[in-house]
Number of protein chains: 4
Amino acid sequence: MDPHATLLVSCSDRKGIVASLAQLLYGHGANILDADQHTDASAGMFFQRIRFDLSSLSTDRISLEAGIREVAERFGMAWRIAYASHTPRVALFCSKQEHCLYDLLVRHRAGELPCEIALVVSNHAALEGVARHFGVPFHHIPVSDNKPAQEAAVLDLLATQSIDLIVLARYMQILSPAFVARFPSRIINIHHSFLPAFVGARPYHQAHERGVKLIGATSHYVTEELDQGPIIEQAVIRCSHRDHVDELVRKGRDLEKRVLAEAVRLHLQDRILVHSGKTVVFD
Amino acid sequence: MDPHATLLVSCSDRKGIVASLAQLLYGHGANILDADQHTDASAGMFFQRIRFDLSSLSTDRISLEAGIREVAERFGMAWRIAYASHTPRVALFCSKQEHCLYDLLVRHRAGELPCEIALVVSNHAALEGVARHFGVPFHHIPVSDNKPAQEAAVLDLLATQSIDLIVLARYMQILSPAFVARFPSRIINIHHSFLPAFVGARPYHQAHERGVKLIGATSHYVTEELDQGPIIEQAVIRCSHRDHVDELVRKGRDLEKRVLAEAVRLHLQDRILVHSGKTVVFD
Amino acid sequence: MDPHATLLVSCSDRKGIVASLAQLLYGHGANILDADQHTDASAGMFFQRIRFDLSSLSTDRISLEAGIREVAERFGMAWRIAYASHTPRVALFCSKQEHCLYDLLVRHRAGELPCEIALVVSNHAALEGVARHFGVPFHHIPVSDNKPAQEAAVLDLLATQSIDLIVLARYMQILSPAFVARFPSRIINIHHSFLPAFVGARPYHQAHERGVKLIGATSHYVTEELDQGPIIEQAVIRCSHRDHVDELVRKGRDLEKRVLAEAVRLHLQDRILVHSGKTVVFD
Amino acid sequence: MDPHATLLVSCSDRKGIVASLAQLLYGHGANILDADQHTDASAGMFFQRIRFDLSSLSTDRISLEAGIREVAERFGMAWRIAYASHTPRVALFCSKQEHCLYDLLVRHRAGELPCEIALVVSNHAALEGVARHFGVPFHHIPVSDNKPAQEAAVLDLLATQSIDLIVLARYMQILSPAFVARFPSRIINIHHSFLPAFVGARPYHQAHERGVKLIGATSHYVTEELDQGPIIEQAVIRCSHRDHVDELVRKGRDLEKRVLAEAVRLHLQDRILVHSGKTVVFD
């Protein structure tokens with residue numbers, strides 16, 4: 001068991017927040033390993049991420065959390081704590097394209113993603129062999145013409161598997177608002193454009209049509225509004241008049257993989273806070 | 001006199017174009033220094049840039065151009081030729097922000113931009129000292145409430161100065177369609193966003209509002225439709241939740257300078273062809 | 001059969017080369033699809049890549065090659081021609097690290113690499129499952145204490161398999177000069193630093209020690225001198241004081257994959273010429 | 001007067017440091033605006049930067065500093081505090097190349113660099129007009145054949161001007177160890193390569209010779225050993241076989257300007273700590 005924990009807090013900015021939290025942790029014997037804070041002066045908001053060592057805790061988790069709760073109430077904080085001893089359980093959703101799925105599974109095996117890949121869900125059977133190769137259970141749940149029924153089946157499956165995070169690894173289905181509402185800030189998608197340019201379908205075609213000199217990819221949390229969720233990570237690559245749509249697709253795959261994997265890593269390391277439709281990423 | 005010339009051609013793709021042009025130049029004793037071509041298979045278009053040495057020309061320019069004209073007629077080519085012995089005359093337009101103006105003038109003095117900076121035009125007097133420091137005539141032509149009259153005055157000035165290229169170095173006025181029509185593919189603007197994201201006003205505010213992780217700048221030829229002209233060059237820089245709008249503005253200035261200067265250099269080196277609202281950039 | 005071919009030529013620069021080759025191809029009915037040339041004025045060298053369509057050839061390959069040979073002799077050209085109908089056969093060499101191997105195999109399956117992956121060779125058995133998953137024969141040829149014998153066994157295997165290109169996908173063995181001499185400009189390696197910084201072993205440790213703010217990766221052709229071969233492609237990624245060696249290794253894996261795959265693609269598309277220990281890459 | 005201060009501390013890592021400092025500042029009524037820390041686990045070192053608001057200080061600076069001193073002694077900390085009310089005085093050193101000088105002066109005027117540019121020192125008279133244009137005193141102190149005398153004259157000048165930071169804006173002289181020792185971690189240089197590649201003279205020539213695909217620039221603090229000082233910032237730009245040395249020089253100028261200006265900004269915002277020949281940059 002890795003005796004670390006990460007505390008994420010946000011509240012209206014006020015004097016004394018940093019001191020109160022630092023004092024509290026010190027009082028319980030927790031050694032601060034990393035602390036990063038951000039004050040958004042225009043919004044009057046305070047955000048902090050504190051990672052600390054639990055091995056020298058002089059009390060226990062229950063009294064530590066009680067202490068945090070007390071400070072949080074005093075400052076009107078939203079907070080959450082993640083213990084490294086709990087390994088988050090992740091569901092990967094895919095359709096027929098395999099590059100993001102392979103990439104996440106290879107990275108996971110290399111130890112880059114601190115989670116358990118609990119299962120792969122797909123509306124197609126195409127990638128079953130990939131999941132099996134990595135020893136991950138594969139669930140083929142086709143959409144057919146009853147999408148609500150399919151989503152219900154998927155939700156049931158996720159519930160039995162205690163899923164913490166859903167990663168849409170080029171899953172070519174739009175999730176219903178009801179589904180999304182069940183996993184607030186816990187569904188990560190990859191969009192193959194530099195959002196907000198080229199929202200919607202066929203962004204590489206749109207990019208080619210417009211004649212841009214860079215194409216991009218954007219990972220974001222999924223919200224009810226398509227392609228409007230809080231942006232986690234973005235990257236671009238140069239292109240030119242020589243790049244037909246096929247070439248843009250090829251170059252884009254590289255971006256998609258990296259940008260999605262980076263977002264998943266940041267989420268799993270508890271580095272992201274969401275506020276007002278935007279992310280604070282402590283990297 | 002630098003005895004080089006650059007030929008730019010475009011036409012429907014057909015067999016024999018490359019051979020015909022190469023043979024023609026060889027026949028006149030012109031040595032090809034660089035040749036770059038592009039075939040857009042989907043549009044069925046052929047584009048080529050040939051830079052060649054005139055010092056060993058066995059005929060003269062008139063017969064060379066007559067020869068090119070003949071080949072061009074056979075293939076239905078659009079073409080233009082630029083002789084290095086003609087130094088293009090450039091007008092820089094600015095308002096109150098000085099970073100792009102300084103940048104272009106310093107680069108010009110370093111020999112990066114093969115042109116003569118004939119004059120600086122501004123709707124404000126603020127940057128007169130900058131122009132004077134570099135020995136460039138400065139013309140303050142305020143807009144007041146009669147914009148057509150101001151544009152007419154500017155056009156008169158440009159005509160007397162035989163201006164080949166207009167560079168909008170953060171010129172905070174929208175040019176009328178009539179003005180733009182006088183300089184087709186000869187007005188370069190810098191837009192402070194990664195177009196087509198954040199068209200219109202206050203792109204850094206828009207970018208901050210949306211919470212993007214990269215901001216960009218775009219240089220493009222000016223057309224009648226605002227922010228819709230053919231894109232020449234784009235670049236981006238990382239930003240984060242820590243960057244207030246002021247920081248985005250600071251980071252963006254760096255991008256604006258570079259992206260604008262690069263577009264001007266590419267234009268002055270006759271590396272750009274425009275087709276269907278897009279650029280072919282032979283770099 | 002894809003009726004294209006690519007001709008790569010290099011020679012001392014002289015007038016008439018471009019015209020002669022274009023005329024020759026036109027005379028045989030070959031339609032030029034792409035032509036890119038480079039003149040290195042200081043070295044007095046001419047380089048060209050011409051990709052052309054064979055479907056309308058009015059003669060045949062034998063007479064076309066005879067024609068090329070004639071032109072080549074006149075200009076003292078080195079040349080080679082690659083027909084798209086011949087699929088190059090590639091051997092991937094690896095040891096225990098799997099990220100580059102997976103990456104190349106997934107890209108190959110996506111159609112990014114125009115070749116046949118004929119076999120995987122390794123001095124360890126660790127990655128046999130990976131090769132098998134992609135249906136590629138795996139050959140475990142351990143080094144033990146007789147390295148010359150191991151190399152001889154590998155060379156025998158490659159000969160029976162008609163291998164055109166060897167890719168060292170994090171193969172942790174140094175090839176002998178005799179081995180290298182058998183595959184001139186046909187062995188591609190990935191070095192996990194921005195060469196020539198940090199040559200030799202443990203470059204990420206060296207980078208961490210020096211406190212650089214960017215780490216890099218370099219793909220190059222293998223020559224007798226370690227880490228001195230012609231550089232094909234390089235890329236970098238930002239790092240900071242926060243990155244321990246482990247983090248540099250993680251970030252570096254991403255670079256290694258991309259930079260190696262890019263070099264392999266450029267080679268397989270016949271875009272690379274080597275001259276004086278450097279590459280000319282027509283991209 | 002801008003009522004902010006920035007505290008930079010470093011010491012062996014121990015429990016309670018963060019809490020002690022936060023508590024101290026809170027006790028004096030100072031509101032923490034930003035706090036960033038770094039623990040280097042392998043070196044067992046703790047680093048922190050705290051920026052705080054002084055406007056609500058319930059005591060005064062003297063008692064605040066006494067309090068800091070007490071905490072610092074307890075933990076064996078090195079520390080320094082910078083008040084925003086003190087504007088650092090900067091000396092720019094240059095020779096004949098003007099691009100970095102212009103860039104810093106334009107940025108300063110735009111408010112990007114929180115300092116006073118007290119003077120420009122040069123071993124040549126060439127850039128006097130540039131300094132004068134920006135209203136900065138220019139001191140021409142030629143080297144001739146008595147370099148120790150020249151350095152002595154420069155040191156005298158700097159002493160009378162209370163200079164806090166020296167920026168070598170392409171100053172083509174090597175400073176003596178004695179000179180350097182007078183400004184530890186207070187002389188910033190720009191080297192036109194991606195250090196540690198291409199140390200020493202003519203790095204663009206070296207880069208061209210080696211055939212790299214990226215060129216770089218490195219800003220660093222000057223130490224006794226040439227090109228070995230702690231690296232502050234680095235950046236690279238793509239190049240290719242098409243780039244002769246002249247083109248590398250042109251591309252490099254862009255990098256040099258940006259990388260030097262960024263280092264100066266980071267230093268002036270008190271974001272840099274130096275430890276074991278490396279920098280910790282809180283950006």
# chains A, B, ... in the order shown; residues from 1 in each chain; ligands from 1
>>> residues_around(residues="Cys11 in chain C", least_positions_apart="3", cutoff="10 Å", atoms="only C-alpha atoms", output="CSV table (one decimal) with C-alpha atoms, in the first residue's frame")
chain,number,residue,atom,x,y,z
C,14,ARG,CA,25.0,21.3,-63.5
C,17,ILE,CA,19.6,18.0,-65.0
C,39,THR,CA,20.6,22.2,-54.5
C,44,GLY,CA,27.8,22.0,-55.3
C,45,MET,CA,25.4,19.0,-55.1
C,46,PHE,CA,22.1,18.4,-56.7
C,47,PHE,CA,19.4,16.1,-55.2
C,48,GLN,CA,16.0,15.2,-56.6
C,72,ALA,CA,22.7,9.3,-65.1
C,75,PHE,CA,25.6,13.7,-65.4
C,76,GLY,CA,27.6,11.3,-63.2
C,77,MET,CA,24.5,10.7,-61.1
C,78,ALA,CA,23.9,8.2,-58.3
C,79,TRP,CA,20.4,7.0,-58.6
>>> residues_around(residues="range 234-248 of chain B", least_positions_apart="4", cutoff="9 Å", atoms="only C-alpha atoms", output="ChimeraX atom specification")
/A:38-42,212-214,234-236,238,278-281 /B:193-195,204-205,207-208,211-220,252-253,255-256,258-260
>>> write_last_selection(atoms="N, CA and C atoms", output="short mmCIF file (atom, residue, chain, number, x, y, z; two decimals), in the first residue's frame")
data_model
loop_
_atom_site.label_atom_id
_atom_site.label_comp_id
_atom_site.auth_asym_id
_atom_site.auth_seq_id
_atom_site.Cartn_x
_atom_site.Cartn_y
_atom_site.Cartn_z
N HIS A 38 -3.72 27.86 -6.68
CA HIS A 38 -4.02 28.84 -7.70
C HIS A 38 -5.11 29.75 -7.19
N THR A 39 -4.88 31.04 -7.32
CA THR A 39 -5.92 32.01 -6.97
C THR A 39 -6.35 32.71 -8.25
N ASP A 40 -7.63 32.58 -8.54
CA ASP A 40 -8.17 33.29 -9.70
C ASP A 40 -8.74 34.61 -9.19
N ALA A 41 -7.93 35.65 -9.36
CA ALA A 41 -8.28 36.94 -8.78
C ALA A 41 -9.60 37.47 -9.33
N SER A 42 -9.81 37.30 -10.64
CA SER A 42 -11.01 37.88 -11.22
C SER A 42 -12.27 37.15 -10.73
N VAL A 212 -6.16 25.21 -42.87
CA VAL A 212 -5.36 25.57 -41.70
C VAL A 212 -3.95 24.99 -41.82
N LYS A 213 -3.01 25.54 -41.06
CA LYS A 213 -1.62 25.11 -41.11
C LYS A 213 -1.22 24.28 -39.89
N LEU A 214 -2.19 24.07 -39.02
CA LEU A 214 -2.00 23.23 -37.84
C LEU A 214 -3.30 22.46 -37.63
N GLN A 234 -4.73 19.92 -24.82
CA GLN A 234 -4.78 20.13 -26.26
C GLN A 234 -3.37 20.07 -26.82
N ALA A 235 -3.27 19.66 -28.06
CA ALA A 235 -1.99 19.70 -28.76
C ALA A 235 -2.26 19.87 -30.24
N VAL A 236 -1.26 20.33 -30.95
CA VAL A 236 -1.38 20.54 -32.40
C VAL A 236 -0.16 19.97 -33.11
N ARG A 238 1.86 20.45 -37.17
CA ARG A 238 1.85 21.21 -38.41
C ARG A 238 1.29 20.39 -39.56
N LYS A 278 -14.44 25.22 -16.82
CA LYS A 278 -13.03 25.17 -17.18
C LYS A 278 -12.28 24.30 -16.18
N THR A 279 -11.08 23.90 -16.57
CA THR A 279 -10.28 23.08 -15.66
C THR A 279 -9.13 23.89 -15.07
N VAL A 280 -8.81 23.56 -13.84
CA VAL A 280 -7.54 23.95 -13.23
C VAL A 280 -6.73 22.67 -13.20
N VAL A 281 -5.60 22.66 -13.90
CA VAL A 281 -4.79 21.43 -13.99
C VAL A 281 -3.46 21.68 -13.29
N SER B 193 -5.71 34.87 -33.02
CA SER B 193 -6.25 33.60 -32.54
C SER B 193 -5.88 32.53 -33.54
N PHE B 194 -6.09 31.30 -33.12
CA PHE B 194 -5.91 30.17 -34.00
C PHE B 194 -7.18 30.04 -34.83
N LEU B 195 -7.27 30.79 -35.91
CA LEU B 195 -8.47 30.74 -36.75
C LEU B 195 -8.69 29.32 -37.26
N TYR B 204 -8.53 36.92 -27.26
CA TYR B 204 -7.90 36.44 -26.03
C TYR B 204 -8.94 36.32 -24.91
N HIS B 205 -9.90 37.24 -24.90
CA HIS B 205 -10.98 37.11 -23.92
C HIS B 205 -11.80 35.86 -24.21
N ALA B 207 -10.76 33.17 -25.67
CA ALA B 207 -9.94 31.99 -25.35
C ALA B 207 -9.93 31.75 -23.84
N HIS B 208 -9.82 32.84 -23.09
CA HIS B 208 -9.81 32.71 -21.63
C HIS B 208 -11.15 32.17 -21.14
N GLY B 211 -11.41 28.50 -21.80
CA GLY B 211 -10.49 27.66 -21.05
C GLY B 211 -9.61 26.78 -21.92
N VAL B 212 -9.19 27.27 -23.08
CA VAL B 212 -8.31 26.48 -23.95
C VAL B 212 -6.92 26.36 -23.32
N LYS B 213 -6.18 25.36 -23.77
CA LYS B 213 -4.84 25.11 -23.24
C LYS B 213 -3.74 25.55 -24.20
N LEU B 214 -4.14 26.11 -25.32
CA LEU B 214 -3.20 26.66 -26.29
C LEU B 214 -3.85 27.93 -26.85
N ILE B 215 -3.06 28.97 -27.04
CA ILE B 215 -3.57 30.11 -27.81
C ILE B 215 -2.75 30.21 -29.09
N GLY B 216 -3.33 30.86 -30.09
CA GLY B 216 -2.68 30.88 -31.39
C GLY B 216 -2.71 32.24 -32.05
N ALA B 217 -2.05 32.30 -33.19
CA ALA B 217 -2.10 33.48 -34.05
C ALA B 217 -2.10 32.98 -35.49
N THR B 218 -2.73 33.77 -36.35
CA THR B 218 -2.93 33.37 -37.73
C THR B 218 -2.65 34.55 -38.65
N SER B 219 -1.76 34.36 -39.62
CA SER B 219 -1.59 35.39 -40.65
C SER B 219 -2.32 34.92 -41.90
N HIS B 220 -2.97 35.87 -42.56
CA HIS B 220 -3.78 35.49 -43.72
C HIS B 220 -3.88 36.66 -44.67
N GLY B 252 0.63 36.16 -26.50
CA GLY B 252 0.15 36.30 -27.87
C GLY B 252 0.99 37.27 -28.69
N ARG B 253 1.48 38.31 -28.05
CA ARG B 253 2.32 39.26 -28.80
C ARG B 253 3.47 38.55 -29.48
N LEU B 255 3.64 35.46 -30.46
CA LEU B 255 3.13 34.70 -31.61
C LEU B 255 2.82 35.62 -32.78
N GLU B 256 2.14 36.72 -32.47
CA GLU B 256 1.71 37.64 -33.53
C GLU B 256 2.90 38.11 -34.35
N ARG B 258 5.90 36.80 -34.75
CA ARG B 258 6.57 35.76 -35.53
C ARG B 258 5.73 35.31 -36.70
N VAL B 259 4.45 35.12 -36.44
CA VAL B 259 3.57 34.58 -37.48
C VAL B 259 3.37 35.60 -38.59
N LEU B 260 3.28 36.87 -38.21
CA LEU B 260 3.16 37.90 -39.24
C LEU B 260 4.45 38.01 -40.05
#
>>> closest_atom_pairs(of="chain D", to="chain A", cutoff="9 Å", atoms="only C-alpha atoms", output="tab-separated table")
residue	atom	partner	partner_atom	distance
D:Arg14	CA	A:Asn31	CA	7.9
D:Lys15	CA	A:Asn31	CA	5.2
D:Gly16	CA	A:Tyr26	CA	5.8
D:Ile17	CA	A:Ile32	CA	8.7
D:Val18	CA	A:Ala22	CA	6.3
D:Ala19	CA	A:Ala22	CA	4.5
D:Ser20	CA	A:Gln23	CA	7.7
D:Leu21	CA	A:Ala19	CA	8.1
D:Ala22	CA	A:Ala19	CA	4.5
D:Gln23	CA	A:Ala19	CA	5.0
D:Leu24	CA	A:Ala19	CA	8.3
D:Leu25	CA	A:Ala19	CA	8.1
D:Tyr26	CA	A:Gly16	CA	5.8
D:Gly27	CA	A:Gly16	CA	8.9
D:Gly29	CA	A:Lys15	CA	8.1
D:Ala30	CA	A:Lys15	CA	7.9
D:Asn31	CA	A:Lys15	CA	5.2
D:Ile32	CA	A:Lys15	CA	7.2
D:Leu33	CA	A:Thr39	CA	6.4
D:Asp34	CA	A:His38	CA	6.3
D:Ala35	CA	A:Gln37	CA	5.9
D:Asp36	CA	A:Asp36	CA	5.2
D:Gln37	CA	A:Ala35	CA	6.0
D:His38	CA	A:Asp34	CA	6.3
D:Thr39	CA	A:Leu33	CA	6.5
D:Ala41	CA	A:Leu33	CA	9.0
>>> closest_residue(among="D:Ser144, D:Gln173, D:Thr223, D:Gln206", to="Ile188 in chain D", atoms="only C-alpha atoms")
D:Thr223
>>> residues_around(residues="Leu175 in chain C", least_positions_apart="2", cutoff="12 Å", atoms="only C-alpha atoms", output="PyMOL selection string")
chain C and resi 93+143+147-148+150-152+154-155+166+168+171-173+177-183+187-189+222-227
>>> write_last_selection(atoms="C-alpha atoms", output="CSV table (one decimal), in the first residue's frame")
chain,number,residue,atom,x,y,z
C,93,PHE,CA,14.8,-5.8,-33.7
C,143,VAL,CA,23.5,-13.2,-27.4
C,147,LYS,CA,28.2,-12.4,-30.0
C,148,PRO,CA,29.8,-13.0,-33.4
C,150,GLN,CA,24.6,-14.6,-32.7
C,151,GLU,CA,25.2,-11.9,-35.4
C,152,ALA,CA,26.0,-14.7,-37.9
C,154,VAL,CA,20.8,-13.2,-37.4
C,155,LEU,CA,22.4,-12.4,-40.8
C,166,ILE,CA,16.2,-3.3,-40.3
C,168,LEU,CA,16.1,-1.2,-34.1
C,171,TYR,CA,17.3,-3.1,-29.4
C,172,MET,CA,19.8,-3.0,-26.6
C,173,GLN,CA,22.8,-4.5,-28.5
C,177,PRO,CA,30.9,-2.9,-38.0
C,178,ALA,CA,30.8,-6.0,-40.1
C,179,PHE,CA,27.0,-6.4,-39.5
C,180,VAL,CA,26.4,-2.7,-40.2
C,181,ALA,CA,28.4,-2.8,-43.4
C,182,ARG,CA,25.9,-5.4,-44.8
C,183,PHE,CA,23.0,-2.9,-44.6
C,187,ILE,CA,19.4,0.1,-40.5
C,188,ILE,CA,17.4,2.7,-38.5
C,189,ASN,CA,17.9,3.3,-34.8
C,222,VAL,CA,23.3,3.2,-38.1
C,223,THR,CA,26.9,3.5,-39.1
C,224,GLU,CA,30.1,2.0,-37.7
C,225,GLU,CA,30.5,4.9,-35.3
C,226,LEU,CA,28.1,4.7,-32.4
C,227,ASP,CA,25.4,7.5,-32.4
>>> atom_distance(atom1="CA of Asp156 in chain C", atom2="CA of Glu98 in chain C")
24.9 Å
>>> atom_distance(atom1="CA of Leu64 in chain B", atom2="CA of Asp164 in chain B")
23.4 Å
